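J.: Please find one structure pasted underneath; my questions will follow.
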Amino acid sequence: MWDILEKYEKAPLLLSDEQYLAISDTEFRARFRERVHHTLEVQLYHALASNRPLGAGQTDTAVHMCELWQKRGLPVDHHDYKYAQCILDLARRSAAGETVSLDQYAPPPITDADREVFFRVVHDRRSVRAFSDREVPDELINKVLDAGLWAAHACNLQSIRYLVVREKDEPWLFRGSDIPPGPVHIAVMQDERCYLANTVMSLKNRILDAGAATTNILLAIHANGLDGVWLTYENHMIDALRKRFELPDYIRIVDFIDMGYGVQTPFPPQRPDVSERIIVRV
């Protein structure tokens with residue numbers, strides 16, 4: 001499953017301008033986000049929190065990446081470019097001696113009712129493997145997939161990709177422990193080209209990126225009145241999907257979710273008290 005990574009492991013962290021202009025848009029955008037994040041965003045927030053000035057030339061790399069973005073002819077209204085421009089604007093204002101507040105970016109306060117609903121979603125979600133024939137609208141599928149894109153992701157590389165298959169259109173293509181198969185199958189995948197932006201990152205981070213997205217999706221499924229189950233399959237299943245949809249080698253299938261309108265209410269698996277699972281507390 002991980003053989004695909006070998007060709008990417010030795011990619012350099014930094015490229016020449018010529019190389020930046022020659023790579024794919026996907027790889028460039030990932031490297032663009034990584035450079036802005038690691039060379040400016042992290043340092044900016046630390047400087048603001050500690051009330052200290054940014055170092056001389058701290059914005060140089062981000063500025064240069066924006067220049068390369070424009071040389072590639074990428075749209076300046078793209079969310080990645082707007083993200084970089086926002087970070088640069090904050091940094092320049094701070095360097096000019098202006099008091100910079102991040103309050104405008106603070107989310108609305110979480111109310112007691114919000115907290116109750118959140119923990120109810122977490123505690124009440126079940127793994128359901130029996131579904132009705134009721135059609136799941138595309139709008140609802142997109143809504144839960146969007147939740148996966150908002151999961152924490154190492155270095156903001158945004159590697160998550162999806163394969164969405166309706167069982168009625170591809171009967172028994174998904175063969176595994178989901179018997180009978182769910183009405184909607186979601187394969188959580190990753191574009192390995194994004195990880196070229198930081199090849200020193202451990203494989204563990206990549207697995208966690210996909211796991212975080214999957215967890216968000218499962219919670220969103222439950223929060224939207226649907227049911228789902230997290231699944232994995234053997235390599236022969238992954239190979240079948242690769243062949244059927246002609247997936248390129250840089251797309252890696254990590255796990256699967258079956259989703260739909262459930263027709264069962266499984267017994268809630270019991271959990272221990274937190275105190276039983278804390279090994280160290282100092």
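Ligands are numbered from 1 in the order shown, chains are lettered A, B, ... in the order of the structure tokens, and residues start at 1 in each chain.
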Can you tell me which residues surround stretch 30-41 of chain A at a distance of at most 10 Å, considering only C-alpha atoms, apart from same-chain residues fewer than 6 positions away, and format the answer as JSON, numbers by chain?

T.: {"A": [13, 14, 15, 20, 47, 54, 55, 57, 58, 59, 60, 61, 62, 63, 64, 65, 66, 68, 69, 80, 81, 83, 84, 85, 86, 87, 88, 90, 91, 154, 155, 156, 157, 158, 159, 193, 194, 195, 196, 197, 198]}

J.: Write the residues of the selection above to a file with C-alpha atoms, as an mmCIF file, in the first residue's frame.

T.:
data_model
loop_
_atom_site.group_PDB
_atom_site.id
_atom_site.type_symbol
_atom_site.label_atom_id
_atom_site.label_comp_id
_atom_site.auth_asym_id
_atom_site.auth_seq_id
_atom_site.Cartn_x
_atom_site.Cartn_y
_atom_site.Cartn_z
ATOM 1 C CA LEU A 13 12.267 20.589 0.371
ATOM 2 C CA LEU A 14 13.352 23.739 -1.485
ATOM 3 C CA LEU A 15 13.347 24.229 -5.249
ATOM 4 C CA TYR A 20 8.822 25.896 -8.991
ATOM 5 C CA ALA A 47 5.346 37.574 17.460
ATOM 6 C CA LEU A 54 9.127 39.938 13.347
ATOM 7 C CA GLY A 55 12.694 39.289 12.283
ATOM 8 C CA GLY A 57 13.323 39.650 6.075
ATOM 9 C CA GLN A 58 10.713 37.354 7.629
ATOM 10 C CA THR A 59 8.258 38.084 4.827
ATOM 11 C CA ASP A 60 10.751 37.529 1.991
ATOM 12 C CA THR A 61 9.896 33.900 1.288
ATOM 13 C CA ALA A 62 6.138 34.477 1.296
ATOM 14 C CA VAL A 63 6.527 37.474 -0.999
ATOM 15 C CA HIS A 64 8.660 35.437 -3.378
ATOM 16 C CA MET A 65 6.164 32.562 -3.411
ATOM 17 C CA CYS A 66 3.423 35.043 -4.339
ATOM 18 C CA LEU A 68 6.032 32.754 -8.426
ATOM 19 C CA TRP A 69 2.280 32.230 -8.136
ATOM 20 C CA ASP A 80 -4.570 29.806 -1.328
ATOM 21 C CA TYR A 81 -3.341 33.115 -2.717
ATOM 22 C CA TYR A 83 -4.632 33.222 2.454
ATOM 23 C CA ALA A 84 -1.037 34.238 1.754
ATOM 24 C CA GLN A 85 -1.997 37.843 1.099
ATOM 25 C CA CYS A 86 -3.861 37.996 4.399
ATOM 26 C CA ILE A 87 -0.841 36.683 6.328
ATOM 27 C CA LEU A 88 1.431 39.135 4.522
ATOM 28 C CA LEU A 90 -0.928 41.219 8.966
ATOM 29 C CA ALA A 91 2.850 40.866 8.995
ATOM 30 C CA ALA A 154 -0.258 18.689 8.864
ATOM 31 C CA CYS A 155 1.437 21.753 7.352
ATOM 32 C CA ASN A 156 -1.862 22.753 5.721
ATOM 33 C CA LEU A 157 -0.909 20.551 2.765
ATOM 34 C CA GLN A 158 -4.560 19.670 2.022
ATOM 35 C CA SER A 159 -3.920 16.239 0.518
ATOM 36 C CA ARG A 193 2.075 15.181 -4.655
ATOM 37 C CA CYS A 194 1.050 17.443 -1.782
ATOM 38 C CA TYR A 195 3.606 15.754 0.490
ATOM 39 C CA LEU A 196 6.435 16.716 -1.846
ATOM 40 C CA ALA A 197 6.223 20.062 -0.065
ATOM 41 C CA ASN A 198 7.595 18.495 3.113
#

J.: Here is a test: counting only C-alpha atoms, which residue of A:Lys243, A:Lys143, A:His153, A:Arg72 is nearest to A:Gly211?

T.: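 For A:Gly211, the nearest of the given residues is A:His153.
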
J.: From a backbone DSSP assignment, name each residue in stretch 50-275 of chain A labelled strand (DSSP E), as number ranges by chain.

T.: A: 160-166, 184-191, 227-231, 251-260

J.: Using C-alpha atoms, can you export the residues from the last selection as an mmCIF file, in the first residue's frame?

T.:
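Here's the written file selection19.cif:
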data_model
loop_
_atom_site.group_PDB
_atom_site.id
_atom_site.type_symbol
_atom_site.label_atom_id
_atom_site.label_comp_id
_atom_site.auth_asym_id
_atom_site.auth_seq_id
_atom_site.Cartn_x
_atom_site.Cartn_y
_atom_site.Cartn_z
ATOM 1 C CA ILE A 160 -7.428 14.839 1.004
ATOM 2 C CA ARG A 161 -9.289 13.610 -2.077
ATOM 3 C CA TYR A 162 -12.496 11.573 -2.416
ATOM 4 C CA LEU A 163 -13.999 8.823 -4.499
ATOM 5 C CA VAL A 164 -17.812 8.792 -4.226
ATOM 6 C CA VAL A 165 -19.652 5.765 -5.584
ATOM 7 C CA ARG A 166 -23.343 4.935 -5.369
ATOM 8 C CA VAL A 184 -23.092 5.368 -0.816
ATOM 9 C CA HIS A 185 -19.405 4.511 -0.646
ATOM 10 C CA ILE A 186 -16.780 7.155 0.098
ATOM 11 C CA ALA A 187 -13.112 6.355 -0.358
ATOM 12 C CA VAL A 188 -10.890 8.776 1.550
ATOM 13 C CA MET A 189 -7.770 9.249 -0.534
ATOM 14 C CA GLN A 190 -4.669 11.436 -0.600
ATOM 15 C CA ASP A 191 -2.803 13.157 -3.392
ATOM 16 C CA ASP A 227 -25.568 6.725 9.472
ATOM 17 C CA GLY A 228 -22.203 5.391 8.444
ATOM 18 C CA VAL A 229 -19.389 2.974 9.151
ATOM 19 C CA TRP A 230 -15.603 3.303 8.838
ATOM 20 C CA LEU A 231 -14.060 0.447 6.829
ATOM 21 C CA ILE A 251 -3.529 9.025 -5.537
ATOM 22 C CA ARG A 252 -3.465 6.764 -2.470
ATOM 23 C CA ILE A 253 -6.618 5.114 -1.135
ATOM 24 C CA VAL A 254 -6.533 5.071 2.663
ATOM 25 C CA ASP A 255 -9.945 4.009 3.974
ATOM 26 C CA PHE A 256 -13.649 3.798 3.188
ATOM 27 C CA ILE A 257 -16.960 4.963 4.603
ATOM 28 C CA ASP A 258 -20.358 3.486 3.855
ATOM 29 C CA MET A 259 -23.182 5.942 4.451
ATOM 30 C CA GLY A 260 -26.936 6.179 4.066
#

J.: If you count only C-alpha atoms, which residues fall within 7 Å of A:Ala213, apart from same-chain ones fewer than 3 positions away, as a VMD selection string?

T.: chain A and resid 148 to 149 151 209 to 210 216 to 217

J.: Just how far from atom CA of A:Leu21 is atom CA of A:Gln70, in Å to one decimal?

T.: 10.2 Å

J.: What does the distance from atom CA of A:Arg175 to atom CA of A:Leu226 come to in Å, to one decimal?

T.: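 Computing the Euclidean distance for atom CA of A:Arg175 and atom CA of A:Leu226 yields 21.6 Å.
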
J.: Looking at only C-alpha atoms, which of A:Asp89, A:Val122, A:Glu192, A:Ser202 is the one that sits closest to A:Thr26?

T.: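 Under the stated criterion, the closest residue is A:Glu192.
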
J.: Go through stretch 77-149 of chain A and collect every residue that DSSP, computed from the backbone, puts in helix (DSSP H, G or I); the answer should be as a ChimeraX atom specification.

T.: /A:79-95,103-105,112-124,138-149

J.: May I have the residues from that selection written out with N, CA and C atoms, as a tab-separated table (two decimals), in the first residue's frame?

T.:
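Result file out_19.tsv:
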chain	number	residue	atom	x	y	z
A	79	HIS	N	-8.28	30.74	-3.20
A	79	HIS	CA	-8.24	30.81	-1.74
A	79	HIS	C	-6.83	30.68	-1.17
A	80	ASP	N	-5.95	29.93	-1.82
A	80	ASP	CA	-4.57	29.81	-1.33
A	80	ASP	C	-3.84	31.14	-1.41
A	81	TYR	N	-4.01	31.83	-2.53
A	81	TYR	CA	-3.34	33.11	-2.72
A	81	TYR	C	-3.90	34.15	-1.74
A	82	LYS	N	-5.20	34.15	-1.57
A	82	LYS	CA	-5.82	35.10	-0.64
A	82	LYS	C	-5.36	34.83	0.79
A	83	TYR	N	-5.17	33.58	1.13
A	83	TYR	CA	-4.63	33.22	2.45
A	83	TYR	C	-3.25	33.84	2.65
A	84	ALA	N	-2.39	33.69	1.65
A	84	ALA	CA	-1.04	34.24	1.75
A	84	ALA	C	-1.06	35.76	1.85
A	85	GLN	N	-1.92	36.39	1.07
A	85	GLN	CA	-2.00	37.84	1.10
A	85	GLN	C	-2.49	38.35	2.46
A	86	CYS	N	-3.38	37.61	3.07
A	86	CYS	CA	-3.86	38.00	4.40
A	86	CYS	C	-2.74	37.92	5.42
A	87	ILE	N	-1.95	36.83	5.39
A	87	ILE	CA	-0.84	36.68	6.33
A	87	ILE	C	0.20	37.78	6.09
A	88	LEU	N	0.47	38.07	4.84
A	88	LEU	CA	1.43	39.14	4.52
A	88	LEU	C	0.94	40.50	4.99
A	89	ASP	N	-0.33	40.76	4.81
A	89	ASP	CA	-0.89	42.05	5.26
A	89	ASP	C	-0.75	42.21	6.76
A	90	LEU	N	-1.07	41.16	7.51
A	90	LEU	CA	-0.93	41.22	8.97
A	90	LEU	C	0.53	41.44	9.36
A	91	ALA	N	1.43	40.74	8.67
A	91	ALA	CA	2.85	40.87	8.99
A	91	ALA	C	3.36	42.27	8.70
A	92	ARG	N	2.97	42.85	7.59
A	92	ARG	CA	3.43	44.19	7.23
A	92	ARG	C	2.88	45.24	8.20
A	93	ARG	N	1.64	45.09	8.58
A	93	ARG	CA	1.06	46.03	9.54
A	93	ARG	C	1.78	45.95	10.88
A	94	SER	N	2.10	44.71	11.29
A	94	SER	CA	2.82	44.52	12.55
A	94	SER	C	4.21	45.14	12.46
A	95	ALA	N	4.90	44.91	11.33
A	95	ALA	CA	6.25	45.45	11.15
A	95	ALA	C	6.24	46.98	11.12
A	103	ASP	N	-8.89	39.48	16.53
A	103	ASP	CA	-10.24	39.25	17.06
A	103	ASP	C	-11.27	39.02	15.95
A	104	GLN	N	-11.06	39.68	14.81
A	104	GLN	CA	-12.05	39.54	13.74
A	104	GLN	C	-12.12	38.12	13.18
A	105	TYR	N	-11.09	37.33	13.45
A	105	TYR	CA	-11.06	35.96	12.95
A	105	TYR	C	-11.54	34.94	13.99
A	112	ASP	N	-23.56	26.94	25.87
A	112	ASP	CA	-23.80	25.69	26.60
A	112	ASP	C	-24.60	24.71	25.73
A	113	ALA	N	-25.56	25.25	24.96
A	113	ALA	CA	-26.35	24.39	24.08
A	113	ALA	C	-25.47	23.79	22.98
A	114	ASP	N	-24.54	24.59	22.44
A	114	ASP	CA	-23.61	24.08	21.43
A	114	ASP	C	-22.79	22.92	21.98
A	115	ARG	N	-22.27	23.10	23.18
A	115	ARG	CA	-21.45	22.05	23.78
A	115	ARG	C	-22.24	20.77	23.99
A	116	GLU	N	-23.47	20.92	24.42
A	116	GLU	CA	-24.32	19.75	24.66
A	116	GLU	C	-24.55	18.98	23.36
A	117	VAL	N	-24.83	19.72	22.28
A	117	VAL	CA	-25.05	19.07	20.99
A	117	VAL	C	-23.79	18.40	20.50
A	118	PHE	N	-22.63	19.07	20.64
A	118	PHE	CA	-21.37	18.49	20.18
A	118	PHE	C	-21.11	17.15	20.85
A	119	PHE	N	-21.18	17.12	22.17
A	119	PHE	CA	-20.88	15.87	22.87
A	119	PHE	C	-21.96	14.82	22.62
A	120	ARG	N	-23.18	15.25	22.34
A	120	ARG	CA	-24.21	14.28	22.00
A	120	ARG	C	-23.90	13.62	20.67
A	121	VAL	N	-23.43	14.41	19.70
A	121	VAL	CA	-23.04	13.85	18.41
A	121	VAL	C	-21.88	12.86	18.59
A	122	VAL	N	-20.89	13.25	19.39
A	122	VAL	CA	-19.73	12.37	19.62
A	122	VAL	C	-20.15	11.08	20.30
A	123	HIS	N	-20.97	11.17	21.33
A	123	HIS	CA	-21.33	10.00	22.13
A	123	HIS	C	-22.38	9.11	21.46
A	124	ASP	N	-23.25	9.70	20.62
A	124	ASP	CA	-24.35	8.93	20.05
A	124	ASP	C	-24.04	8.33	18.69
A	138	ASP	N	-27.01	14.53	-3.37
A	138	ASP	CA	-25.62	14.97	-3.56
A	138	ASP	C	-25.27	16.12	-2.62
A	139	GLU	N	-26.24	17.02	-2.39
A	139	GLU	CA	-25.97	18.17	-1.53
A	139	GLU	C	-25.56	17.74	-0.13
A	140	LEU	N	-26.19	16.67	0.36
A	140	LEU	CA	-25.87	16.18	1.70
A	140	LEU	C	-24.52	15.46	1.71
A	141	ILE	N	-24.24	14.73	0.64
A	141	ILE	CA	-22.93	14.09	0.53
A	141	ILE	C	-21.83	15.14	0.52
A	142	ASN	N	-22.02	16.19	-0.25
A	142	ASN	CA	-21.02	17.26	-0.32
A	142	ASN	C	-20.84	17.93	1.04
A	143	LYS	N	-21.92	18.05	1.79
A	143	LYS	CA	-21.84	18.72	3.09
A	143	LYS	C	-20.96	17.93	4.05
A	144	VAL	N	-21.11	16.61	4.08
A	144	VAL	CA	-20.30	15.81	5.01
A	144	VAL	C	-18.85	15.71	4.52
A	145	LEU	N	-18.66	15.71	3.19
A	145	LEU	CA	-17.29	15.68	2.66
A	145	LEU	C	-16.57	16.99	2.96
A	146	ASP	N	-17.30	18.09	2.97
A	146	ASP	CA	-16.69	19.38	3.31
A	146	ASP	C	-16.17	19.35	4.75
A	147	ALA	N	-16.88	18.68	5.64
A	147	ALA	CA	-16.42	18.55	7.02
A	147	ALA	C	-15.06	17.86	7.07
A	148	GLY	N	-14.83	16.90	6.19
A	148	GLY	CA	-13.53	16.24	6.13
A	148	GLY	C	-12.42	17.16	5.71
A	149	LEU	N	-12.72	18.10	4.81
A	149	LEU	CA	-11.70	19.04	4.34
A	149	LEU	C	-11.31	20.04	5.42

J.: Report, in Å to a single decimal, how far apart atom CA of A:Leu173 and atom CA of A:Ile238 are.

T.: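 Answer for the atom CA of A:Ile238 to atom CA of A:Leu173 separation: 10.6 Å.
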